[in-house]
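The structure appears below as structure tokens.
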Amino acid sequence: MKIAVLPGDGIGPEIVAQAVNVLQRLAQDGLKIEMEYAPIGGAGYDAAGDPLPDATLKLAQAADAVLLGAVGGYQYDTLPRPQRPEQGLLRIRKGLGLFANLRPALLYPELASASSLKPEVVAGLDIMIIRELTGDIYFGQPRGIEIRGGERVGVNTMIYSESEIRRIAHVGFGIAQKRKQRLCSVDKANVLETTELWRQVVIEVGKDYPDVELSHMYVDNAAMQLVRNPKQFDVMLTGNIFGDILSDEASMLTGSIGMLPSASLDEKNKGLYEPIHGSAPDIAGKNIANPLATILSVAMMLRYTFGLETPAQRVEGAVKHVLAQGYRTADIYTEGTQKVSCSEMGSAVVAAL
Ligand code: IPM
Ligand code: MG
């Protein structure tokens, strides 16, 4: 198992270090893991003047899977857009063809009181958000800021081809089959033609999956339903921009954005694994970040790229165990639990393994 490790910026190196400890612990029990590091984001810019240095992309292409921390930092915000850290992330997703982004929002019972919603609303929550990751307004052309009629206008293009919609829809239905066989496709078909086509194609693909119950929801309603009655959802399937927004919203149902892992997969299940949270520069270097989303991303890597369900469940079980023991990083701390640092949390997971 060749893993490219890209810690990135901010809290990225701290949380990735804990996930690497978890991988090393699994290696002691026989998993053959090779890891190689490379810079991305601001770290890539600092090292090579490019948020995605050539060598980093090559390493990622040669690897079986990529483990990524996070990118971004205040000091890079004024750089020209192509040099900004976020571009490194967007380019590696595109460069590796990682069109399918899986973002599970799972509530651990111990964290029900850390959610800003009432415990009874979120208890038992288990949603899988599937976000298309290499299309939509994120990549559409034309784009830019230009002068029209004597004033500045900002332009972006929302665009999806039917083949792009079809392949992500197949991923969505396939995953729904393995869960509770319910798929809700989220669009804005009442206003946007791009998503009118999205809905048509999803309905067409759905004919191949008669065992999956398909529903459709406008994105504004979906945002509302997620906080009103989130347990109505099993799998949510949506485009890049709506998925970006809804997955942040869904994360807070689970108590903290620091708990949510993600997988970004290509056609052959090669994947990039990262927490859905960002680089959190305000808490970087303080050893207080929550490493669990990154550790849970390792579990997703074992499951989706390497097909190793038992070790995946072992990692997830270890996370459940440390939560049951009462360990909490600051973001999920509530009275009566034990506050620990990032590295202490990582060590607790390794000990549980
Ligand atoms: C995410 C992030 C990224 C995105 C940013 C950092 C470019 O918000 O992974 O959700 O918008 O996709
Ligand atoms: Mg986001």
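Identifiers for the structure tokens are assigned positionally: chains receive A, B, ... in sequence, residues are indexed from 1 per chain, and ligands are indexed from 1 in the order shown.
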What's around region 32-44 of chain A at 8 Å? Count only C-alpha atoms, leave out sequence neighbours fewer than 2 positions away in its own chain, and write the answer as a PDB file with N, CA, C and O atoms, in the first residue's frame.
ATOM      1  N   MET A   1       0.841  -1.186   0.000  1.00  0.00           N
ATOM      2  CA  MET A   1       0.000   0.000   0.000  1.00  0.00           C
ATOM      3  C   MET A   1       0.880   1.241   0.000  1.00  0.00           C
ATOM      4  O   MET A   1       1.456   1.584   1.008  1.00  0.00           O
ATOM      5  N   LYS A   2       0.946   1.879  -1.180  1.00  0.00           N
ATOM      6  CA  LYS A   2       1.770   3.097  -1.274  1.00  0.00           C
ATOM      7  C   LYS A   2       0.888   4.303  -0.986  1.00  0.00           C
ATOM      8  O   LYS A   2      -0.055   4.574  -1.724  1.00  0.00           O
ATOM      9  N   ILE A   3       1.235   5.026   0.051  1.00  0.00           N
ATOM     10  CA  ILE A   3       0.418   6.181   0.439  1.00  0.00           C
ATOM     11  C   ILE A   3       1.237   7.459   0.327  1.00  0.00           C
ATOM     12  O   ILE A   3       2.312   7.574   0.925  1.00  0.00           O
ATOM     13  N   ALA A   4       0.732   8.405  -0.444  1.00  0.00           N
ATOM     14  CA  ALA A   4       1.345   9.727  -0.491  1.00  0.00           C
ATOM     15  C   ALA A   4       0.754  10.537   0.655  1.00  0.00           C
ATOM     16  O   ALA A   4      -0.466  10.635   0.789  1.00  0.00           O
ATOM     17  N   VAL A   5       1.610  11.103   1.481  1.00  0.00           N
ATOM     18  CA  VAL A   5       1.147  11.858   2.647  1.00  0.00           C
ATOM     19  C   VAL A   5       1.404  13.345   2.392  1.00  0.00           C
ATOM     20  O   VAL A   5       2.543  13.769   2.233  1.00  0.00           O
ATOM     21  N   LEU A   6       0.315  14.119   2.359  1.00  0.00           N
ATOM     22  CA  LEU A   6       0.420  15.549   2.071  1.00  0.00           C
ATOM     23  C   LEU A   6      -0.164  16.328   3.242  1.00  0.00           C
ATOM     24  O   LEU A   6      -1.363  16.610   3.274  1.00  0.00           O
ATOM     25  N   PRO A   7       0.665  16.687   4.219  1.00  0.00           N
ATOM     26  CA  PRO A   7       0.130  17.333   5.433  1.00  0.00           C
ATOM     27  C   PRO A   7      -0.478  18.707   5.173  1.00  0.00           C
ATOM     28  O   PRO A   7      -1.454  19.072   5.822  1.00  0.00           O
ATOM     29  N   GLY A   8       0.125  19.491   4.262  1.00  0.00           N
ATOM     30  CA  GLY A   8      -0.440  20.800   3.946  1.00  0.00           C
ATOM     31  C   GLY A   8      -0.130  21.857   4.988  1.00  0.00           C
ATOM     32  O   GLY A   8       0.987  21.923   5.518  1.00  0.00           O
ATOM     33  N   ASP A   9      -1.141  22.664   5.312  1.00  0.00           N
ATOM     34  CA  ASP A   9      -0.929  23.882   6.105  1.00  0.00           C
ATOM     35  C   ASP A   9      -1.711  23.865   7.424  1.00  0.00           C
ATOM     36  O   ASP A   9      -2.566  23.017   7.647  1.00  0.00           O
ATOM     37  N   LEU A  23      -1.650   4.519  11.173  1.00  0.00           N
ATOM     38  CA  LEU A  23      -1.208   3.629  10.083  1.00  0.00           C
ATOM     39  C   LEU A  23      -0.010   2.787  10.523  1.00  0.00           C
ATOM     40  O   LEU A  23       0.078   1.594  10.217  1.00  0.00           O
ATOM     41  N   GLN A  24       0.904   3.424  11.241  1.00  0.00           N
ATOM     42  CA  GLN A  24       2.087   2.682  11.693  1.00  0.00           C
ATOM     43  C   GLN A  24       1.717   1.584  12.685  1.00  0.00           C
ATOM     44  O   GLN A  24       2.307   0.513  12.681  1.00  0.00           O
ATOM     45  N   ALA A  27       0.517  -1.185  10.692  1.00  0.00           N
ATOM     46  CA  ALA A  27       1.639  -1.852  10.015  1.00  0.00           C
ATOM     47  C   ALA A  27       2.287  -2.886  10.937  1.00  0.00           C
ATOM     48  O   ALA A  27       2.730  -3.940  10.491  1.00  0.00           O
ATOM     49  N   GLY A  30       0.916  -6.161  10.476  1.00  0.00           N
ATOM     50  CA  GLY A  30       1.057  -6.873   9.211  1.00  0.00           C
ATOM     51  C   GLY A  30       0.657  -6.122   7.950  1.00  0.00           C
ATOM     52  O   GLY A  30       0.943  -6.578   6.856  1.00  0.00           O
ATOM     53  N   ASP A  46       5.535  27.617  -0.594  1.00  0.00           N
ATOM     54  CA  ASP A  46       6.783  27.946   0.098  1.00  0.00           C
ATOM     55  C   ASP A  46       7.961  27.125  -0.441  1.00  0.00           C
ATOM     56  O   ASP A  46       9.069  27.621  -0.584  1.00  0.00           O
ATOM     57  N   ALA A  47       7.695  25.849  -0.743  1.00  0.00           N
ATOM     58  CA  ALA A  47       8.788  24.961  -1.161  1.00  0.00           C
ATOM     59  C   ALA A  47       9.139  25.121  -2.627  1.00  0.00           C
ATOM     60  O   ALA A  47      10.309  25.021  -2.999  1.00  0.00           O
ATOM     61  N   ALA A  48       8.151  25.377  -3.468  1.00  0.00           N
ATOM     62  CA  ALA A  48       8.412  25.328  -4.913  1.00  0.00           C
ATOM     63  C   ALA A  48       7.691  26.424  -5.698  1.00  0.00           C
ATOM     64  O   ALA A  48       7.652  26.388  -6.927  1.00  0.00           O
ATOM     65  N   GLY A  49       7.085  27.387  -4.982  1.00  0.00           N
ATOM     66  CA  GLY A  49       6.400  28.481  -5.671  1.00  0.00           C
ATOM     67  C   GLY A  49       5.096  28.060  -6.330  1.00  0.00           C
ATOM     68  O   GLY A  49       4.559  28.783  -7.170  1.00  0.00           O
ATOM     69  N   ASP A  50       4.584  26.891  -5.950  1.00  0.00           N
ATOM     70  CA  ASP A  50       3.394  26.360  -6.614  1.00  0.00           C
ATOM     71  C   ASP A  50       2.582  25.570  -5.580  1.00  0.00           C
ATOM     72  O   ASP A  50       3.133  24.703  -4.895  1.00  0.00           O
ATOM     73  N   PRO A  51       1.273  25.851  -5.438  1.00  0.00           N
ATOM     74  CA  PRO A  51       0.490  25.115  -4.440  1.00  0.00           C
ATOM     75  C   PRO A  51       0.362  23.622  -4.758  1.00  0.00           C
ATOM     76  O   PRO A  51       0.029  22.828  -3.870  1.00  0.00           O
ATOM     77  N   LEU A  52       0.615  23.256  -6.004  1.00  0.00           N
ATOM     78  CA  LEU A  52       0.696  21.816  -6.322  1.00  0.00           C
ATOM     79  C   LEU A  52       1.974  21.591  -7.140  1.00  0.00           C
ATOM     80  O   LEU A  52       1.939  21.530  -8.365  1.00  0.00           O
ATOM     81  N   PRO A  53       3.114  21.465  -6.455  1.00  0.00           N
ATOM     82  CA  PRO A  53       4.366  21.250  -7.190  1.00  0.00           C
ATOM     83  C   PRO A  53       4.277  19.981  -8.039  1.00  0.00           C
ATOM     84  O   PRO A  53       3.593  19.021  -7.661  1.00  0.00           O
ATOM     85  N   ALA A  55       6.318  17.633  -8.482  1.00  0.00           N
ATOM     86  CA  ALA A  55       6.770  16.419  -7.791  1.00  0.00           C
ATOM     87  C   ALA A  55       5.663  15.861  -6.901  1.00  0.00           C
ATOM     88  O   ALA A  55       5.525  14.649  -6.737  1.00  0.00           O
ATOM     89  N   THR A  56       4.846  16.755  -6.325  1.00  0.00           N
ATOM     90  CA  THR A  56       3.748  16.317  -5.461  1.00  0.00           C
ATOM     91  C   THR A  56       2.684  15.597  -6.287  1.00  0.00           C
ATOM     92  O   THR A  56       2.201  14.526  -5.913  1.00  0.00           O
ATOM     93  N   LEU A  59       4.022  12.204  -7.305  1.00  0.00           N
ATOM     94  CA  LEU A  59       3.990  11.258  -6.177  1.00  0.00           C
ATOM     95  C   LEU A  59       2.561  10.748  -5.956  1.00  0.00           C
ATOM     96  O   LEU A  59       2.330   9.551  -5.775  1.00  0.00           O
ATOM     97  N   VAL A  71      -5.373  22.649   3.553  1.00  0.00           N
ATOM     98  CA  VAL A  71      -4.570  23.714   2.948  1.00  0.00           C
ATOM     99  C   VAL A  71      -5.153  25.082   3.290  1.00  0.00           C
ATOM    100  O   VAL A  71      -6.338  25.216   3.548  1.00  0.00           O
ATOM    101  N   GLY A  72      -4.284  26.092   3.291  1.00  0.00           N
ATOM    102  CA  GLY A  72      -4.740  27.467   3.469  1.00  0.00           C
ATOM    103  C   GLY A  72      -4.116  28.148   4.668  1.00  0.00           C
ATOM    104  O   GLY A  72      -3.792  27.499   5.666  1.00  0.00           O
ATOM    105  N   GLY A  73      -3.910  29.450   4.537  1.00  0.00           N
ATOM    106  CA  GLY A  73      -3.360  30.242   5.630  1.00  0.00           C
ATOM    107  C   GLY A  73      -3.468  31.719   5.287  1.00  0.00           C
ATOM    108  O   GLY A  73      -3.438  32.076   4.105  1.00  0.00           O
ATOM    109  N   TYR A  76      -1.286  33.598   2.732  1.00  0.00           N
ATOM    110  CA  TYR A  76      -1.379  33.319   1.292  1.00  0.00           C
ATOM    111  C   TYR A  76      -2.601  33.976   0.647  1.00  0.00           C
ATOM    112  O   TYR A  76      -2.804  33.873  -0.558  1.00  0.00           O
ATOM    113  N   ARG A  84      -2.675  30.477  -4.879  1.00  0.00           N
ATOM    114  CA  ARG A  84      -3.266  30.281  -3.552  1.00  0.00           C
ATOM    115  C   ARG A  84      -3.415  28.797  -3.215  1.00  0.00           C
ATOM    116  O   ARG A  84      -3.610  27.967  -4.098  1.00  0.00           O
ATOM    117  N   PRO A  85      -3.326  28.481  -1.914  1.00  0.00           N
ATOM    118  CA  PRO A  85      -3.339  27.083  -1.466  1.00  0.00           C
ATOM    119  C   PRO A  85      -4.527  26.271  -1.990  1.00  0.00           C
ATOM    120  O   PRO A  85      -4.371  25.115  -2.372  1.00  0.00           O
ATOM    121  N   GLU A  86      -5.723  26.896  -2.007  1.00  0.00           N
ATOM    122  CA  GLU A  86      -6.929  26.167  -2.429  1.00  0.00           C
ATOM    123  C   GLU A  86      -6.781  25.600  -3.831  1.00  0.00           C
ATOM    124  O   GLU A  86      -7.359  24.563  -4.172  1.00  0.00           O
ATOM    125  N   GLN A  87      -5.997  26.319  -4.663  1.00  0.00           N
ATOM    126  CA  GLN A  87      -5.807  25.838  -6.036  1.00  0.00           C
ATOM    127  C   GLN A  87      -5.078  24.504  -6.046  1.00  0.00           C
ATOM    128  O   GLN A  87      -5.286  23.673  -6.932  1.00  0.00           O
ATOM    129  N   GLY A  88      -4.180  24.308  -5.070  1.00  0.00           N
ATOM    130  CA  GLY A  88      -3.470  23.037  -4.980  1.00  0.00           C
ATOM    131  C   GLY A  88      -4.447  21.888  -4.781  1.00  0.00           C
ATOM    132  O   GLY A  88      -4.346  20.830  -5.406  1.00  0.00           O
ATOM    133  N   LEU A  89      -5.426  22.126  -3.914  1.00  0.00           N
ATOM    134  CA  LEU A  89      -6.433  21.103  -3.624  1.00  0.00           C
ATOM    135  C   LEU A  89      -7.321  20.855  -4.844  1.00  0.00           C
ATOM    136  O   LEU A  89      -7.571  19.712  -5.238  1.00  0.00           O
TER     137      LEU A  89
END
**Request:** Please provide as a PyMOL selection string all residues within 10 Å of Met300 (chain A), with the sequence filter that same-chain residues fewer than 5 positions apart are discarded (counting only C-alpha atoms).
**Result:** chain A and resi 102+104+261-264+271-274+294-295+305-309+312-313+315-316
Output C-alpha atoms for every residue in the selection just made, as a PDB file, in the first residue's frame.
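The result, written out as again32.pdb:
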ATOM      1  CA  LEU A 102     -18.020  10.773  -0.059  1.00  0.00           C
ATOM      2  CA  PRO A 104     -20.427  10.606   5.815  1.00  0.00           C
ATOM      3  CA  PRO A 261     -13.730  12.315   7.238  1.00  0.00           C
ATOM      4  CA  SER A 262     -14.010  12.180   3.471  1.00  0.00           C
ATOM      5  CA  ALA A 263     -12.987  10.082   0.510  1.00  0.00           C
ATOM      6  CA  SER A 264     -12.507  11.423  -3.009  1.00  0.00           C
ATOM      7  CA  GLY A 271      -8.615   7.861  -3.527  1.00  0.00           C
ATOM      8  CA  LEU A 272      -7.590  10.968  -1.702  1.00  0.00           C
ATOM      9  CA  TYR A 273      -8.606  11.004   1.941  1.00  0.00           C
ATOM     10  CA  GLU A 274      -8.937  14.147   3.989  1.00  0.00           C
ATOM     11  CA  THR A 294      -8.216  12.514   9.740  1.00  0.00           C
ATOM     12  CA  ILE A 295      -7.977   9.206  11.587  1.00  0.00           C
ATOM     13  CA  THR A 305      -9.229   1.967  -1.867  1.00  0.00           C
ATOM     14  CA  PHE A 306      -7.796  -1.154  -0.273  1.00  0.00           C
ATOM     15  CA  GLY A 307     -11.017  -3.091   0.329  1.00  0.00           C
ATOM     16  CA  LEU A 308      -9.911  -3.865   3.897  1.00  0.00           C
ATOM     17  CA  GLU A 309     -13.168  -3.763   5.788  1.00  0.00           C
ATOM     18  CA  ALA A 312     -11.354  -0.097   8.657  1.00  0.00           C
ATOM     19  CA  GLN A 313     -13.812  -1.165  11.316  1.00  0.00           C
ATOM     20  CA  VAL A 315      -9.974   2.014  13.371  1.00  0.00           C
ATOM     21  CA  GLU A 316     -13.592   3.162  13.654  1.00  0.00           C
TER      22      GLU A 316
END
**Nearby residues, ligand 2, 12 Å, only C-alpha atoms and all ligand atoms, as a PyMOL selection string** = chain A and resi 70-71+86+89-90+101+103+131+133+138+240-251+257+260+262+274-279
**Prompt:** A:Ala60, A:Val186, A:Ala280, A:Ala112: which is nearest ligand 1, counting only C-alpha atoms and all ligand atoms?
**Reply:** A:Ala280
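When the distance limit is 12 Å and only C-alpha atoms are what count, the residues near Asp211 (chain A), minus those fewer than 6 positions from it on the same chain, are Phe173, Gly174, Ala176, Gln177, Lys178, Arg179, Lys180, Gln181, Arg182 and Leu183 of chain A.
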Next, dump the selected residues to file, keeping only all heavy atoms, as a short mmCIF file (atom, residue, chain, number, x, y, z; two decimals), in the first residue's frame.
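So selection.cif came out as:
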data_model
loop_
_atom_site.label_atom_id
_atom_site.label_comp_id
_atom_site.auth_asym_id
_atom_site.auth_seq_id
_atom_site.Cartn_x
_atom_site.Cartn_y
_atom_site.Cartn_z
N PHE A 173 -26.12 5.69 -6.42
CA PHE A 173 -27.06 4.56 -6.32
C PHE A 173 -26.35 3.32 -5.78
O PHE A 173 -26.91 2.58 -4.98
CB PHE A 173 -27.69 4.26 -7.69
CG PHE A 173 -28.79 5.23 -8.06
CD1 PHE A 173 -28.58 6.23 -9.00
CD2 PHE A 173 -30.03 5.13 -7.45
CE1 PHE A 173 -29.59 7.12 -9.34
CE2 PHE A 173 -31.06 6.02 -7.79
CZ PHE A 173 -30.84 7.02 -8.73
N GLY A 174 -25.10 3.10 -6.21
CA GLY A 174 -24.36 1.93 -5.75
C GLY A 174 -24.18 1.96 -4.24
O GLY A 174 -24.33 0.94 -3.55
N ALA A 176 -26.08 3.70 -2.12
CA ALA A 176 -27.41 3.59 -1.50
C ALA A 176 -27.83 2.13 -1.40
O ALA A 176 -28.44 1.71 -0.40
CB ALA A 176 -28.43 4.40 -2.30
N GLN A 177 -27.48 1.34 -2.42
CA GLN A 177 -27.84 -0.10 -2.38
C GLN A 177 -27.24 -0.79 -1.16
O GLN A 177 -27.84 -1.68 -0.59
CB GLN A 177 -27.31 -0.80 -3.64
CG GLN A 177 -28.21 -0.65 -4.83
CD GLN A 177 -27.67 -1.40 -6.03
OE1 GLN A 177 -26.47 -1.47 -6.25
NE2 GLN A 177 -28.57 -1.95 -6.83
N LYS A 178 -26.03 -0.33 -0.78
CA LYS A 178 -25.35 -0.98 0.35
C LYS A 178 -25.77 -0.39 1.69
O LYS A 178 -25.33 -0.84 2.73
CB LYS A 178 -23.83 -0.83 0.21
CG LYS A 178 -23.27 -1.58 -0.97
CD LYS A 178 -21.75 -1.63 -0.90
CE LYS A 178 -21.16 -1.89 -2.28
NZ LYS A 178 -20.08 -0.97 -2.64
N ARG A 179 -26.60 0.66 1.66
CA ARG A 179 -27.06 1.26 2.91
C ARG A 179 -28.56 0.99 3.05
O ARG A 179 -28.98 -0.15 3.00
CB ARG A 179 -26.72 2.76 2.91
CG ARG A 179 -25.21 3.01 2.99
CD ARG A 179 -24.88 4.48 2.80
NE ARG A 179 -25.70 5.34 3.64
CZ ARG A 179 -25.30 5.88 4.80
NH1 ARG A 179 -24.07 5.70 5.20
NH2 ARG A 179 -26.12 6.63 5.51
N LYS A 180 -29.35 2.08 3.22
CA LYS A 180 -30.78 1.85 3.45
C LYS A 180 -31.62 2.01 2.18
O LYS A 180 -32.83 2.22 2.25
CB LYS A 180 -31.26 2.80 4.54
CG LYS A 180 -30.60 2.50 5.88
CD LYS A 180 -31.19 3.36 7.00
CE LYS A 180 -30.22 3.53 8.15
NZ LYS A 180 -29.92 4.94 8.43
N GLN A 181 -30.97 1.97 1.03
CA GLN A 181 -31.66 2.02 -0.29
C GLN A 181 -32.53 3.26 -0.48
O GLN A 181 -33.60 3.20 -1.06
CB GLN A 181 -32.52 0.75 -0.54
CG GLN A 181 -31.75 -0.54 -0.62
CD GLN A 181 -31.59 -1.20 0.73
OE1 GLN A 181 -32.51 -1.20 1.54
NE2 GLN A 181 -30.40 -1.72 0.98
N ARG A 182 -32.04 4.38 0.07
CA ARG A 182 -32.78 5.62 -0.18
C ARG A 182 -31.81 6.69 -0.64
O ARG A 182 -30.79 6.96 0.00
CB ARG A 182 -33.51 6.08 1.09
CG ARG A 182 -34.76 5.23 1.35
CD ARG A 182 -35.63 5.80 2.43
NE ARG A 182 -34.96 5.75 3.72
CZ ARG A 182 -34.63 6.82 4.43
NH1 ARG A 182 -34.95 8.04 4.01
NH2 ARG A 182 -34.01 6.67 5.57
N LEU A 183 -32.12 7.30 -1.79
CA LEU A 183 -31.23 8.31 -2.34
C LEU A 183 -32.03 9.58 -2.59
O LEU A 183 -33.07 9.56 -3.25
CB LEU A 183 -30.62 7.82 -3.65
CG LEU A 183 -29.64 8.82 -4.25
CD1 LEU A 183 -28.25 8.22 -4.28
CD2 LEU A 183 -30.02 9.21 -5.65
#
**Prompt:** Pick from A:Pro311, A:Pro142, A:Leu106, A:Asp64: nearest to Gly154 (chain A), with only C-alpha atoms counted?
**Reply:**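 Residue with the minimum atom-to-atom distance to Gly154 (chain A): A:Pro142.
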**Message:** Residues of region 1-59 of chain A classed as helix (DSSP H, G or I) by DSSP on the backbone are to be reported as an MDAnalysis selection string.
**Reply:** chainID A and resid 12:28 42:48 54:59
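Between CA of Arg228 (chain A) and CA of Val122 (chain A) lies a distance of 9.9 Å.
In this comparison, which uses only C-alpha atoms and all ligand atoms, the residue of A:Ala289, A:Val153, A:Ile92, A:Ala169 approaching ligand 1 most closely is A:Ile92.
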**Fill in**
Expressed in Å, the length from atom 4 (C, counted along the ligand's line) of ligand 1 to CA of Val205 (chain A) is 26.5 Å
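The two atoms in question, CA of Thr337 (chain A) and CA of Ser256 (chain A), are spaced 15.5 Å apart.
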**Message:** Among region 193-262 of chain A, which residues does DSSP mark as strand (DSSP E or B) when it is run on the backbone? Keep the chain and numbering as in the structure and answer as a ChimeraX atom specification.
**Reply:** /A:213-218,235-238,261-262
**Request:** Counting only C-alpha atoms, figure out which residue out of A:Glu196, A:Pro230, A:Glu164, A:Gln18 gets nearest to Glu120 (chain A).
**Result:** A:Pro230
